[in-house]
file structure_35.tsv (TSV, C-alpha atoms)
chain	number	residue	atom	x	y	z
O	1	MET	CA	-128.07	160.48	27.99
O	2	LYS	CA	-128.19	164.23	27.39
O	3	TYR	CA	-125.92	164.75	30.42
O	4	LEU	CA	-123.41	162.20	29.07
O	5	LEU	CA	-123.32	163.90	25.66
O	6	THR	CA	-122.70	167.26	27.32
O	7	ILE	CA	-119.76	165.85	29.28
O	8	LEU	CA	-118.31	164.26	26.13
O	9	SER	CA	-118.68	167.51	24.18
O	10	ILE	CA	-116.85	169.48	26.87
O	11	SER	CA	-114.06	166.88	27.00
O	12	CYS	CA	-113.65	166.96	23.22
O	13	PHE	CA	-113.54	170.75	23.26
O	14	LYS	CA	-110.86	170.76	25.96
O	15	PHE	CA	-108.78	168.20	24.09
O	16	SER	CA	-109.18	170.13	20.83
O	17	ALA	CA	-108.06	173.34	22.51
O	18	LEU	CA	-104.99	171.59	23.89
O	19	CYS	CA	-104.10	170.24	20.45
O	20	GLN	CA	-104.33	173.72	18.95
O	21	ASN	CA	-101.98	175.07	21.61
O	22	SER	CA	-99.35	172.42	20.99
O	23	GLY	CA	-97.73	174.08	18.00
O	24	TYR	CA	-96.81	170.74	16.46
O	25	LYS	CA	-98.65	167.66	17.63
O	26	TYR	CA	-100.09	165.98	20.68
O	27	GLU	CA	-100.23	162.22	21.08
O	28	PRO	CA	-102.92	161.51	23.70
O	29	PHE	CA	-101.77	158.00	24.55
O	30	GLY	CA	-98.10	158.84	24.83
O	31	HIS	CA	-95.11	158.22	22.65
O	32	ARG	CA	-93.57	154.83	23.22
O	33	THR	CA	-91.13	153.70	20.59
O	34	SER	CA	-89.58	150.26	20.25
O	35	TYR	CA	-85.87	149.47	20.31
O	36	GLU	CA	-84.17	150.14	17.00
O	37	GLN	CA	-80.64	149.80	15.73
O	38	GLY	CA	-78.74	153.04	16.13
O	39	TYR	CA	-75.77	154.71	17.74
O	40	TYR	CA	-74.90	157.58	20.01
O	41	TYR	CA	-71.92	159.85	20.57
O	42	SER	CA	-70.51	160.44	24.02
O	43	HIS	CA	-69.30	163.87	25.04
O	44	THR	CA	-65.74	162.69	24.39
O	45	GLY	CA	-66.63	161.86	20.76
O	46	GLU	CA	-66.85	158.07	21.10
O	47	LYS	CA	-69.41	156.45	18.78
O	48	ILE	CA	-71.29	153.58	20.43
O	49	SER	CA	-73.65	151.34	18.43
O	50	GLY	CA	-76.49	149.20	19.73
O	51	LEU	CA	-80.24	149.15	20.27
O	52	ILE	CA	-81.82	152.46	21.24
O	53	LYS	CA	-85.27	153.42	22.44
O	54	TRP	CA	-86.20	157.11	22.67
O	55	GLU	CA	-88.44	158.07	25.58
O	56	CYS	CA	-89.97	161.20	27.07
O	57	SER	CA	-90.67	162.03	30.70
O	58	GLY	CA	-91.65	165.00	32.78
O	59	TYR	CA	-89.69	168.16	33.44
O	60	LEU	CA	-86.07	167.77	34.60
O	61	ARG	CA	-84.24	171.08	34.39
O	62	GLU	CA	-80.67	169.76	34.35
O	63	THR	CA	-81.03	166.91	31.85
O	64	GLY	CA	-84.27	167.67	29.99
O	65	ALA	CA	-87.39	165.57	29.46
O	66	ASN	CA	-85.96	163.27	26.78
O	67	PHE	CA	-83.67	160.32	27.33
O	68	ILE	CA	-82.71	157.07	25.64
O	69	LEU	CA	-82.68	153.48	26.78
O	70	PHE	CA	-79.64	151.69	25.38
O	71	LYS	CA	-78.74	148.01	24.98
O	72	PRO	CA	-75.46	146.90	23.39
O	73	ALA	CA	-77.35	143.93	21.89
O	74	LYS	CA	-80.71	142.16	22.13
O	75	GLY	CA	-81.18	140.39	25.47
O	76	GLU	CA	-78.60	142.51	27.28
O	77	LYS	CA	-79.38	144.82	30.18
O	78	LYS	CA	-80.70	148.28	29.31
O	79	VAL	CA	-79.25	151.51	30.67
O	80	GLN	CA	-80.88	154.94	30.74
O	81	LEU	CA	-78.79	157.73	29.22
O	82	THR	CA	-79.46	161.46	29.41
O	83	THR	CA	-77.89	164.61	28.01
O	84	ASN	CA	-75.21	164.22	30.67
O	85	ASP	CA	-74.11	160.97	29.00
O	86	VAL	CA	-74.91	161.51	25.32
O	87	LYS	CA	-74.07	164.37	22.94
O	88	ALA	CA	-76.21	163.16	20.01
O	89	PHE	CA	-77.84	159.95	18.79
O	90	LEU	CA	-79.43	158.40	15.72
O	91	ILE	CA	-82.31	155.92	15.48
O	92	GLY	CA	-83.28	154.74	12.00
O	93	LYS	CA	-83.50	157.93	9.93
O	94	ASP	CA	-84.04	160.25	12.90
O	95	SER	CA	-81.14	162.09	14.48
O	96	PHE	CA	-81.28	163.91	17.81
O	97	ALA	CA	-79.01	166.64	19.14
O	98	ILE	CA	-78.86	168.73	22.29
O	99	ILE	CA	-80.41	172.18	22.25
O	100	LYS	CA	-79.85	174.55	25.17
O	101	SER	CA	-81.83	177.19	27.05
O	102	ILE	CA	-85.25	175.95	25.96
O	103	ALA	CA	-88.13	178.09	27.20
O	104	ARG	CA	-91.64	176.60	27.02
O	105	GLY	CA	-94.02	178.85	28.90
O	106	ILE	CA	-92.98	178.75	32.56
O	107	THR	CA	-90.88	175.63	31.90
O	108	LYS	CA	-87.19	176.26	31.24
O	109	TYR	CA	-84.69	173.54	30.39
O	110	ASP	CA	-80.95	174.04	30.63
O	111	LYS	CA	-80.63	171.51	27.80
O	112	ASP	CA	-82.50	168.64	26.20
O	113	PHE	CA	-82.56	166.28	23.22
O	114	ALA	CA	-84.52	167.44	20.18
O	115	ARG	CA	-85.09	165.72	16.85
O	116	VAL	CA	-83.20	167.39	14.01
O	117	VAL	CA	-85.84	167.93	11.32
O	118	SER	CA	-83.83	169.95	8.79
O	119	THR	CA	-80.39	171.57	8.64
O	120	GLY	CA	-78.80	174.39	6.66
O	121	SER	CA	-78.55	178.14	7.13
O	122	ILE	CA	-81.28	177.61	9.71
O	123	THR	CA	-81.92	174.39	11.63
O	124	LEU	CA	-85.39	173.12	12.50
O	125	TYR	CA	-85.86	170.95	15.60
O	126	SER	CA	-88.81	169.18	17.19
O	127	HIS	CA	-88.70	169.10	20.99
O	128	CYS	CA	-91.09	166.84	22.91
O	129	GLU	CA	-92.04	166.38	26.54
O	130	GLU	CA	-94.53	164.33	28.49
O	131	THR	CA	-97.55	166.31	29.64
O	132	GLN	CA	-100.58	165.65	31.79
O	133	ALA	CA	-103.88	166.55	30.12
O	134	TYR	CA	-107.19	165.99	31.88
O	135	SER	CA	-106.14	162.80	33.68
O	136	SER	CA	-104.35	161.32	30.65
O	137	THR	CA	-100.65	161.46	29.80
O	138	GLY	CA	-99.41	162.37	26.35
O	139	ILE	CA	-96.48	163.79	24.46
O	140	GLU	CA	-96.54	167.41	23.32
O	141	CYS	CA	-94.03	168.59	20.72
O	142	PHE	CA	-93.00	172.05	19.57
O	143	TYR	CA	-90.87	173.26	16.70
O	144	PHE	CA	-87.73	175.27	17.41
O	145	ILE	CA	-85.61	177.11	14.85
O	146	ARG	CA	-81.97	178.09	15.27
O	147	LYS	CA	-80.83	181.05	13.19
O	148	ASP	CA	-77.67	183.12	13.65
O	149	GLY	CA	-77.02	181.44	16.99
O	150	ALA	CA	-80.45	182.26	18.46
O	151	LEU	CA	-83.15	179.68	19.24
O	152	TYR	CA	-86.81	180.48	18.59
O	153	ARG	CA	-89.88	178.45	19.54
O	154	LEU	CA	-92.57	178.33	16.86
O	155	LYS	CA	-96.27	178.07	17.64
O	156	SER	CA	-99.08	178.38	15.15
O	157	LYS	CA	-100.51	181.50	16.76
O	158	ASP	CA	-97.10	183.27	16.81
O	159	PHE	CA	-96.03	182.22	13.32
O	160	GLN	CA	-96.93	185.47	11.52
O	161	ASP	CA	-95.07	187.53	14.14
O	162	LYS	CA	-91.81	185.66	13.52
O	163	VAL	CA	-91.79	184.94	9.77
O	164	GLU	CA	-90.12	188.23	8.79
O	165	LEU	CA	-87.35	187.71	11.34
O	166	LEU	CA	-86.75	184.10	10.30
O	167	PHE	CA	-87.41	184.08	6.55
O	168	GLY	CA	-87.46	187.77	5.53
O	169	ASP	CA	-84.22	187.50	3.54
O	170	ASN	CA	-85.92	185.06	1.13
O	171	LYS	CA	-88.40	187.28	-0.71
O	172	GLY	CA	-89.84	184.50	-2.89
O	173	LEU	CA	-90.67	182.46	0.18
O	174	MET	CA	-92.12	185.47	1.99
O	175	ASN	CA	-94.44	186.14	-0.96
O	176	GLN	CA	-95.84	182.61	-0.64
O	177	ILE	CA	-96.28	183.02	3.13
O	178	ASN	CA	-97.90	186.45	2.89
O	179	ASP	CA	-100.45	185.35	0.30
O	180	GLY	CA	-101.34	182.24	2.29
O	181	ARG	CA	-99.88	179.60	0.00
O	182	LEU	CA	-97.55	178.53	2.81
O	183	THR	CA	-98.62	178.51	6.47
O	184	PHE	CA	-97.38	177.18	9.80
O	185	ASP	CA	-98.60	173.73	8.72
O	186	ASN	CA	-95.92	173.84	5.97
O	187	ILE	CA	-93.06	174.77	8.32
O	188	GLU	CA	-90.87	171.81	7.35
O	189	GLN	CA	-91.27	172.62	3.64
O	190	ILE	CA	-90.61	176.31	4.34
O	191	VAL	CA	-87.32	175.56	6.09
O	192	VAL	CA	-86.17	173.22	3.31
O	193	GLU	CA	-86.97	175.83	0.64
O	194	TYR	CA	-85.30	178.57	2.66
O	195	ASN	CA	-82.11	176.55	3.08
O	196	THR	CA	-82.10	175.58	-0.61
O	197	VAL	CA	-81.97	179.25	-1.65
O	198	ILE	CA	-80.08	180.92	1.20
O	199	GLY	CA	-77.66	178.06	1.62
O	200	LYS	CA	-76.26	178.46	-1.91
call {"tool": "encode", "arguments": {"input": "structure_35.tsv", "output": "structure tokens"}}
result
Amino acid sequence: MKYLLTILSISCFKFSALCQNSGYKYEPFGHRTSYEQGYYYSHTGEKISGLIKWECSGYLRETGANFILFKPAKGEKKVQLTTNDVKAFLIGKDSFAIIKSIARGITKYDKDFARVVSTGSITLYSHCEETQAYSSTGIECFYFIRKDGALYRLKSKDFQDKVELLFGDNKGLMNQINDGRLTFDNIEQIVVEYNTVIGK
């Protein structure tokens, strides 16, 4: 029994450490959405409506880890569409766009779909990919911010190193960050407040 508890403790510690590294969230049993009504835009600008299911997979440099399954209507055959086929798409209230030159550790994507979290003077994205963690598969997501044409990945441990670069021109916001009232956990709120002031 003592041996079993030791093994469980080590496993929990490893999983906890992985969660802390993820920057945003980690779903240990994977992210599997259902089909929802939505639409996508082709690279020629055509808007195509139907049923869409967003999925994640492993690393594919040319097309990214995210793709959609599309059906024109219920009961019809599904097709898999990647960044080569789709420029942007919307499911329910979530919209997804292509971001380019994504660096995640040693992994580098030429392009991939990312959820658009907030837009304005700076744009906040959430990029997800399927990862293998201690014999289980899950989805790991990171925040990315686009400002002045540059794309930055945000992780909790790097947050303080990048706040001045990203939000330094909003002194009121920086005061709240520096005194600990706003932290990495409030990143979505921070971006909204930043865009509310700077965007005017």
call {"tool": "closest_residue", "arguments": {"input": "structure_35.tsv", "among": "O:Lys147, O:Arg115, O:Lys87, O:Lys71", "to": "Tyr40 of chain O", "atoms": "all atoms listed in the file"}}
result
O:Lys87
call {"tool": "closest_residue", "arguments": {"input": "structure_35.tsv", "among": "O:Glu188, O:Asp85, O:Glu36, O:Glu129", "to": "Cys56 of chain O", "atoms": "only C-alpha atoms"}}
result
O:Glu129
call {"tool": "atom_distance", "arguments": {"input": "structure_35.tsv", "atom1": "atom CA of Asp161 of chain O", "atom2": "atom CA of Val191 of chain O"}}
result
16.4 Å
call {"tool": "closest_residue", "arguments": {"input": "structure_35.tsv", "among": "O:Phe113, O:Phe142, O:Ser34, O:Arg104", "to": "Phe67 of chain O", "atoms": "all atoms listed in the file"}}
result
O:Phe113
call {"tool": "atom_distance", "arguments": {"input": "structure_35.tsv", "atom1": "atom CA of Tyr35 of chain O", "atom2": "atom CA of Lys111 of chain O"}}
result
23.9 Å
call {"tool": "residues_around", "arguments": {"input": "structure_35.tsv", "residues": "Asn186 of chain O", "least_positions_apart": "2", "cutoff": "12 Å", "atoms": "all atoms listed in the file", "output": "PyMOL selection string"}}
result
chain O and resi 24+143+156+159+173+176-177+180-184+188-193
call {"tool": "decode", "arguments": {"input": "structure_35.tsv", "residues": "segment 54-68 of chain O", "atoms": "all heavy atoms", "output": "PDB file, in the first residue's frame"}}
result
ATOM      1  N   TRP O  54     -13.916  21.393 -34.225  1.00  0.00           N
ATOM      2  CA  TRP O  54     -12.503  21.762 -34.101  1.00  0.00           C
ATOM      3  C   TRP O  54     -11.741  20.647 -33.414  1.00  0.00           C
ATOM      4  O   TRP O  54     -12.160  20.136 -32.397  1.00  0.00           O
ATOM      5  CB  TRP O  54     -12.389  23.069 -33.314  1.00  0.00           C
ATOM      6  CG  TRP O  54     -10.996  23.408 -32.908  1.00  0.00           C
ATOM      7  CD1 TRP O  54      -9.901  23.501 -33.716  1.00  0.00           C
ATOM      8  CD2 TRP O  54     -10.543  23.722 -31.582  1.00  0.00           C
ATOM      9  NE1 TRP O  54      -8.798  23.850 -32.973  1.00  0.00           N
ATOM     10  CE2 TRP O  54      -9.157  23.980 -31.667  1.00  0.00           C
ATOM     11  CE3 TRP O  54     -11.169  23.797 -30.339  1.00  0.00           C
ATOM     12  CZ2 TRP O  54      -8.389  24.319 -30.552  1.00  0.00           C
ATOM     13  CZ3 TRP O  54     -10.411  24.133 -29.230  1.00  0.00           C
ATOM     14  CH2 TRP O  54      -9.043  24.398 -29.342  1.00  0.00           C
ATOM     15  N   GLU O  55     -10.615  20.257 -33.984  1.00  0.00           N
ATOM     16  CA  GLU O  55      -9.799  19.172 -33.444  1.00  0.00           C
ATOM     17  C   GLU O  55      -8.332  19.587 -33.365  1.00  0.00           C
ATOM     18  O   GLU O  55      -7.893  20.505 -34.047  1.00  0.00           O
ATOM     19  CB  GLU O  55      -9.910  17.936 -34.341  1.00  0.00           C
ATOM     20  CG  GLU O  55     -11.265  17.265 -34.294  1.00  0.00           C
ATOM     21  CD  GLU O  55     -11.494  16.502 -33.009  1.00  0.00           C
ATOM     22  OE1 GLU O  55     -10.632  15.711 -32.611  1.00  0.00           O
ATOM     23  OE2 GLU O  55     -12.546  16.693 -32.393  1.00  0.00           O
ATOM     24  N   CYS O  56      -7.595  18.884 -32.529  1.00  0.00           N
ATOM     25  CA  CYS O  56      -6.152  19.083 -32.422  1.00  0.00           C
ATOM     26  C   CYS O  56      -5.453  17.766 -32.713  1.00  0.00           C
ATOM     27  O   CYS O  56      -5.998  16.694 -32.468  1.00  0.00           O
ATOM     28  CB  CYS O  56      -5.757  19.554 -31.028  1.00  0.00           C
ATOM     29  SG  CYS O  56      -6.298  21.211 -30.638  1.00  0.00           S
ATOM     30  N   SER O  57      -4.230  17.862 -33.201  1.00  0.00           N
ATOM     31  CA  SER O  57      -3.436  16.663 -33.454  1.00  0.00           C
ATOM     32  C   SER O  57      -2.004  16.953 -33.055  1.00  0.00           C
ATOM     33  O   SER O  57      -1.721  17.939 -32.384  1.00  0.00           O
ATOM     34  CB  SER O  57      -3.520  16.283 -34.943  1.00  0.00           C
ATOM     35  OG  SER O  57      -2.905  17.282 -35.737  1.00  0.00           O
ATOM     36  N   GLY O  58      -1.108  16.124 -33.504  1.00  0.00           N
ATOM     37  CA  GLY O  58       0.305  16.330 -33.219  1.00  0.00           C
ATOM     38  C   GLY O  58       0.906  17.358 -34.156  1.00  0.00           C
ATOM     39  O   GLY O  58       0.230  18.003 -34.951  1.00  0.00           O
ATOM     40  N   TYR O  59       2.210  17.461 -34.097  1.00  0.00           N
ATOM     41  CA  TYR O  59       2.963  18.490 -34.808  1.00  0.00           C
ATOM     42  C   TYR O  59       3.007  18.235 -36.310  1.00  0.00           C
ATOM     43  O   TYR O  59       3.450  17.186 -36.765  1.00  0.00           O
ATOM     44  CB  TYR O  59       4.374  18.529 -34.220  1.00  0.00           C
ATOM     45  CG  TYR O  59       5.384  19.310 -35.007  1.00  0.00           C
ATOM     46  CD1 TYR O  59       5.280  20.689 -35.113  1.00  0.00           C
ATOM     47  CD2 TYR O  59       6.447  18.670 -35.625  1.00  0.00           C
ATOM     48  CE1 TYR O  59       6.216  21.411 -35.817  1.00  0.00           C
ATOM     49  CE2 TYR O  59       7.398  19.389 -36.323  1.00  0.00           C
ATOM     50  CZ  TYR O  59       7.283  20.755 -36.418  1.00  0.00           C
ATOM     51  OH  TYR O  59       8.207  21.472 -37.110  1.00  0.00           O
ATOM     52  N   LEU O  60       2.538  19.192 -37.088  1.00  0.00           N
ATOM     53  CA  LEU O  60       2.649  19.181 -38.546  1.00  0.00           C
ATOM     54  C   LEU O  60       3.144  20.571 -38.967  1.00  0.00           C
ATOM     55  O   LEU O  60       2.389  21.539 -38.923  1.00  0.00           O
ATOM     56  CB  LEU O  60       1.304  18.877 -39.209  1.00  0.00           C
ATOM     57  CG  LEU O  60       0.714  17.495 -38.954  1.00  0.00           C
ATOM     58  CD1 LEU O  60      -0.717  17.424 -39.467  1.00  0.00           C
ATOM     59  CD2 LEU O  60       1.569  16.433 -39.644  1.00  0.00           C
ATOM     60  N   ARG O  61       4.385  20.660 -39.340  1.00  0.00           N
ATOM     61  CA  ARG O  61       5.001  21.968 -39.586  1.00  0.00           C
ATOM     62  C   ARG O  61       4.244  22.810 -40.618  1.00  0.00           C
ATOM     63  O   ARG O  61       3.996  23.994 -40.418  1.00  0.00           O
ATOM     64  CB  ARG O  61       6.450  21.787 -40.033  1.00  0.00           C
ATOM     65  CG  ARG O  61       7.150  23.114 -40.317  1.00  0.00           C
ATOM     66  CD  ARG O  61       8.570  22.883 -40.826  1.00  0.00           C
ATOM     67  NE  ARG O  61       9.158  24.140 -41.243  1.00  0.00           N
ATOM     68  CZ  ARG O  61       9.789  24.967 -40.423  1.00  0.00           C
ATOM     69  NH1 ARG O  61       9.898  24.681 -39.160  1.00  0.00           N
ATOM     70  NH2 ARG O  61      10.302  26.099 -40.873  1.00  0.00           N
ATOM     71  N   GLU O  62       3.857  22.212 -41.723  1.00  0.00           N
ATOM     72  CA  GLU O  62       3.291  22.988 -42.829  1.00  0.00           C
ATOM     73  C   GLU O  62       1.871  23.491 -42.550  1.00  0.00           C
ATOM     74  O   GLU O  62       1.499  24.575 -42.954  1.00  0.00           O
ATOM     75  CB  GLU O  62       3.295  22.165 -44.120  1.00  0.00           C
ATOM     76  CG  GLU O  62       4.677  21.822 -44.650  1.00  0.00           C
ATOM     77  CD  GLU O  62       5.324  20.664 -43.915  1.00  0.00           C
ATOM     78  OE1 GLU O  62       4.608  19.955 -43.173  1.00  0.00           O
ATOM     79  OE2 GLU O  62       6.549  20.490 -44.063  1.00  0.00           O
ATOM     80  N   THR O  63       1.069  22.670 -41.875  1.00  0.00           N
ATOM     81  CA  THR O  63      -0.346  23.029 -41.698  1.00  0.00           C
ATOM     82  C   THR O  63      -0.726  23.290 -40.253  1.00  0.00           C
ATOM     83  O   THR O  63      -1.817  23.754 -39.971  1.00  0.00           O
ATOM     84  CB  THR O  63      -1.263  21.915 -42.239  1.00  0.00           C
ATOM     85  OG1 THR O  63      -0.995  20.707 -41.527  1.00  0.00           O
ATOM     86  CG2 THR O  63      -1.024  21.689 -43.722  1.00  0.00           C
ATOM     87  N   GLY O  64       0.157  22.995 -39.299  1.00  0.00           N
ATOM     88  CA  GLY O  64      -0.159  23.205 -37.888  1.00  0.00           C
ATOM     89  C   GLY O  64      -0.795  21.978 -37.266  1.00  0.00           C
ATOM     90  O   GLY O  64      -1.027  20.960 -37.916  1.00  0.00           O
ATOM     91  N   ALA O  65      -1.109  22.096 -35.974  1.00  0.00           N
ATOM     92  CA  ALA O  65      -1.676  20.974 -35.224  1.00  0.00           C
ATOM     93  C   ALA O  65      -3.201  21.012 -35.179  1.00  0.00           C
ATOM     94  O   ALA O  65      -3.829  20.051 -34.788  1.00  0.00           O
ATOM     95  CB  ALA O  65      -1.138  20.982 -33.793  1.00  0.00           C
ATOM     96  N   ASN O  66      -3.782  22.139 -35.543  1.00  0.00           N
ATOM     97  CA  ASN O  66      -5.236  22.295 -35.467  1.00  0.00           C
ATOM     98  C   ASN O  66      -5.868  22.150 -36.849  1.00  0.00           C
ATOM     99  O   ASN O  66      -5.310  22.585 -37.857  1.00  0.00           O
ATOM    100  CB  ASN O  66      -5.591  23.678 -34.908  1.00  0.00           C
ATOM    101  CG  ASN O  66      -5.227  23.806 -33.452  1.00  0.00           C
ATOM    102  OD1 ASN O  66      -6.047  23.576 -32.586  1.00  0.00           O
ATOM    103  ND2 ASN O  66      -3.980  24.181 -33.178  1.00  0.00           N
ATOM    104  N   PHE O  67      -7.039  21.549 -36.880  1.00  0.00           N
ATOM    105  CA  PHE O  67      -7.791  21.417 -38.120  1.00  0.00           C
ATOM    106  C   PHE O  67      -9.268  21.377 -37.787  1.00  0.00           C
ATOM    107  O   PHE O  67      -9.643  21.297 -36.613  1.00  0.00           O
ATOM    108  CB  PHE O  67      -7.368  20.159 -38.893  1.00  0.00           C
ATOM    109  CG  PHE O  67      -7.609  18.871 -38.150  1.00  0.00           C
ATOM    110  CD1 PHE O  67      -8.804  18.187 -38.280  1.00  0.00           C
ATOM    111  CD2 PHE O  67      -6.624  18.348 -37.324  1.00  0.00           C
ATOM    112  CE1 PHE O  67      -9.026  16.992 -37.592  1.00  0.00           C
ATOM    113  CE2 PHE O  67      -6.840  17.153 -36.634  1.00  0.00           C
ATOM    114  CZ  PHE O  67      -8.037  16.478 -36.765  1.00  0.00           C
ATOM    115  N   ILE O  68     -10.105  21.449 -38.799  1.00  0.00           N
ATOM    116  CA  ILE O  68     -11.543  21.318 -38.565  1.00  0.00           C
ATOM    117  C   ILE O  68     -12.091  20.166 -39.395  1.00  0.00           C
ATOM    118  O   ILE O  68     -11.547  19.819 -40.446  1.00  0.00           O
ATOM    119  CB  ILE O  68     -12.324  22.606 -38.884  1.00  0.00           C
ATOM    120  CG1 ILE O  68     -12.207  22.992 -40.360  1.00  0.00           C
ATOM    121  CG2 ILE O  68     -11.878  23.738 -37.975  1.00  0.00           C
ATOM    122  CD1 ILE O  68     -13.109  24.154 -40.767  1.00  0.00           C
TER     123      ILE O  68
END
